[in-house]
Amino acid sequence: MSLQQQVTWKGIIMITLTVLLMPLAGLGADLEENMIKAAYWGDTIVVKDCLAKGADINAKLERSGWTALMLAASEGHLEILSFLLAGGADVNARSAWGNTALYRAAMNGRIECVKVLLAEGAEVNTKCRDGFTPLIVAVHHGETDVVKTLLAYGADVYARSDLGYTALSKATDVGHTEIITILKEAGAKE
C-alpha cells in the first residue's frame with residue numbers, strides 16, 4: 001500500500017470517527033456518551049468527572065458499540081486507558097464490528113497502549129467480524145513494533161481472516177519486507 005493510500009485510508013477513518021463522535025447538539029447527550037467522546041479526544045478530566053457522576057465504565061456508543069477504553073486505545077491516550085483499566089473497564093469488550101481495544105491500538109500503532117492492554121489480559125488472538133486479528137491488522141498497517149510485541153505475547157501467525165489472509169500473506173500483499181522477515185523468524189510459512 002502506497003503512502004498516499006495509507007494517508008487516504010487513515011483520513012477516511014478519522015472523518016468517520018469524527019462524524020460518529022460529534023456531539024449531538026440539542027439531543028442531550030448522556031453521561032456515558034460524554035465520557036466516551038472525552039476518551040476519544042483525550043480529555044482525562046471529563047472522563048473522570050463522568051465516572052464520578054455515575055457513568056458506566058463499560059458503556060458503549062449505540063451504533064458503533066465503541067467503549068471509552070477502545071477509543072482511548074485507538075487514539076493513544078495512555079493516561080485515560082490506564083485509568084479506565086484500573087477502574088474495571090472490560091479489556092476484551094467488543095464493538096459492533098467485533099473490534100477490541102487491542103485491535104484498535106494495534107491498527108493505529110499505539111505501542112504503549114498495546115503493551116498495557118496485553119499486560120492487563122487482552123486476548124491477543126481475538127478476531128473481529130471479518131476475521132482479522134490484532135496481528136493481521138498491525139501487519140496491514142505496517143506497525144512493526146506492534147507486530148513484534150503481539151508475537152512476544154503469543155499471537156498466532158497462522159490465524160486466517162474470513163478472506164483467507166494470514167499475517168504473512170497480508171505482509172506479502174502490502175509489501176512490508178521487514179515484517180515478512182519478522183513473521184518468518186516467528187515460524188510463519190507461506
# chains A, B, ... in the order shown; residues from 1 in each chain; ligands from 1
>>> residues_around(residues="A:Ile180", least_positions_apart="2", cutoff="9 Å", atoms="only C-alpha atoms", output="ChimeraX atom specification")
/A:139,167-169,171-172,175-178,182-185,188
>>> write_last_selection(atoms="N, CA and C atoms", output="CSV table (one decimal), in the first residue's frame")
chain,number,residue,atom,x,y,z
A,139,VAL,N,0.0,-5.8,10.9
A,139,VAL,CA,0.8,-6.1,9.7
A,139,VAL,C,0.3,-5.3,8.5
A,167,ALA,N,-1.2,-13.4,8.6
A,167,ALA,CA,-0.3,-12.2,8.8
A,167,ALA,C,0.8,-12.2,7.7
A,168,LEU,N,1.3,-13.3,7.4
A,168,LEU,CA,2.4,-13.4,6.3
A,168,LEU,C,1.8,-13.0,4.9
A,169,SER,N,0.7,-13.6,4.6
A,169,SER,CA,0.1,-13.3,3.3
A,169,SER,C,-0.3,-11.8,3.2
A,171,ALA,N,1.3,-9.3,4.9
A,171,ALA,CA,2.6,-8.6,4.8
A,171,ALA,C,3.1,-8.7,3.4
A,172,THR,N,3.0,-9.8,2.7
A,172,THR,CA,3.5,-10.0,1.4
A,172,THR,C,2.6,-9.2,0.4
A,175,GLY,N,3.6,-5.6,0.9
A,175,GLY,CA,5.0,-5.3,0.7
A,175,GLY,C,5.8,-4.8,1.9
A,176,HIS,N,5.4,-5.3,3.1
A,176,HIS,CA,6.2,-4.9,4.3
A,176,HIS,C,7.3,-5.9,4.5
A,177,THR,N,8.4,-5.7,3.8
A,177,THR,CA,9.5,-6.7,3.8
A,177,THR,C,10.1,-7.0,5.2
A,178,GLU,N,10.3,-5.9,6.0
A,178,GLU,CA,10.8,-6.1,7.4
A,178,GLU,C,9.8,-7.0,8.2
A,182,ILE,N,10.3,-10.8,10.0
A,182,ILE,CA,9.9,-11.0,11.5
A,182,ILE,C,8.9,-12.2,11.6
A,183,LEU,N,7.9,-12.2,10.7
A,183,LEU,CA,7.0,-13.3,10.8
A,183,LEU,C,7.6,-14.6,10.5
A,184,LYS,N,8.5,-14.7,9.5
A,184,LYS,CA,9.1,-15.9,9.1
A,184,LYS,C,10.0,-16.4,10.3
A,185,GLU,N,10.7,-15.4,10.9
A,185,GLU,CA,11.5,-15.8,12.1
A,185,GLU,C,10.7,-16.3,13.2
A,188,ALA,N,6.2,-18.4,10.7
A,188,ALA,CA,5.2,-18.3,9.7
A,188,ALA,C,5.8,-18.9,8.4
>>> select_by_dssp(residues="stretch 42-87 of chain A", states="alpha helix (DSSP H)", output="list in words")
Thr44, Ile45, Val46, Val47, Lys48, Asp49, Cys50, Leu51, Ala52, Ala68, Leu69, Met70, Leu71, Ala72, Ala73, Ser74, Glu75, Leu78, Glu79, Ile80, Leu81, Ser82, Phe83, Leu84, Leu85 and Ala86 of chain A
>>> atom_distance(atom1="atom CA of A:Ile179", atom2="atom CA of A:Ile111")
15.5 Å
>>> closest_residue(among="A:Val174, A:Val114, A:Val137, A:Val146", to="A:Ala159", atoms="only C-alpha atoms")
A:Val137
>>> closest_residue(among="A:Arg110, A:Lys127, A:Lys115, A:Arg160", to="A:Asn92", atoms="only C-alpha atoms")
A:Lys127
>>> residues_around(residues="A:Thr67", least_positions_apart="3", cutoff="8 Å", atoms="only C-alpha atoms", output="list in words")
Ile36, Asn58, Ala59, Lys60, Leu61, Met70, Leu71, Ala93 and Ser95 of chain A
>>> closest_residue(among="A:Leu151, A:Leu51, A:Ala105, A:Leu84", to="A:Leu31", atoms="only C-alpha atoms")
A:Leu51
>>> closest_residue(among="A:Glu79, A:Asp130, A:Asp30, A:Glu112", to="A:Asp145", atoms="only C-alpha atoms")
A:Glu112
>>> closest_residue(among="A:Leu150, A:Ala155, A:Val124, A:Cys113", to="A:Leu69", atoms="only C-alpha atoms")
A:Cys113
>>> residues_around(residues="A:Ser161", least_positions_apart="4", cutoff="8 Å", atoms="only C-alpha atoms", output="short mmCIF file (atom, residue, chain, number, x, y, z; two decimals) with C-alpha atoms, in the first residue's frame")
data_model
loop_
_atom_site.label_atom_id
_atom_site.label_comp_id
_atom_site.auth_asym_id
_atom_site.auth_seq_id
_atom_site.Cartn_x
_atom_site.Cartn_y
_atom_site.Cartn_z
CA LYS A 127 -10.92 -11.91 15.74
CA ASP A 130 -14.12 -10.04 9.23
CA GLY A 131 -11.78 -12.44 10.99
CA PHE A 132 -8.82 -10.07 11.22
CA THR A 133 -6.74 -10.42 14.38
CA TYR A 165 -5.38 -13.74 4.86
CA THR A 166 -2.71 -14.73 7.34
#
>>> residues_around(residues="A:Lys48", least_positions_apart="4", cutoff="12 Å", atoms="only C-alpha atoms", output="PyMOL selection string")
chain A and resi 31-32+34-36+38-39+42-44+52-57+68+79-84+87
>>> atom_distance(atom1="atom CA of A:Pro134", atom2="atom CA of A:Ala106")
5.8 Å
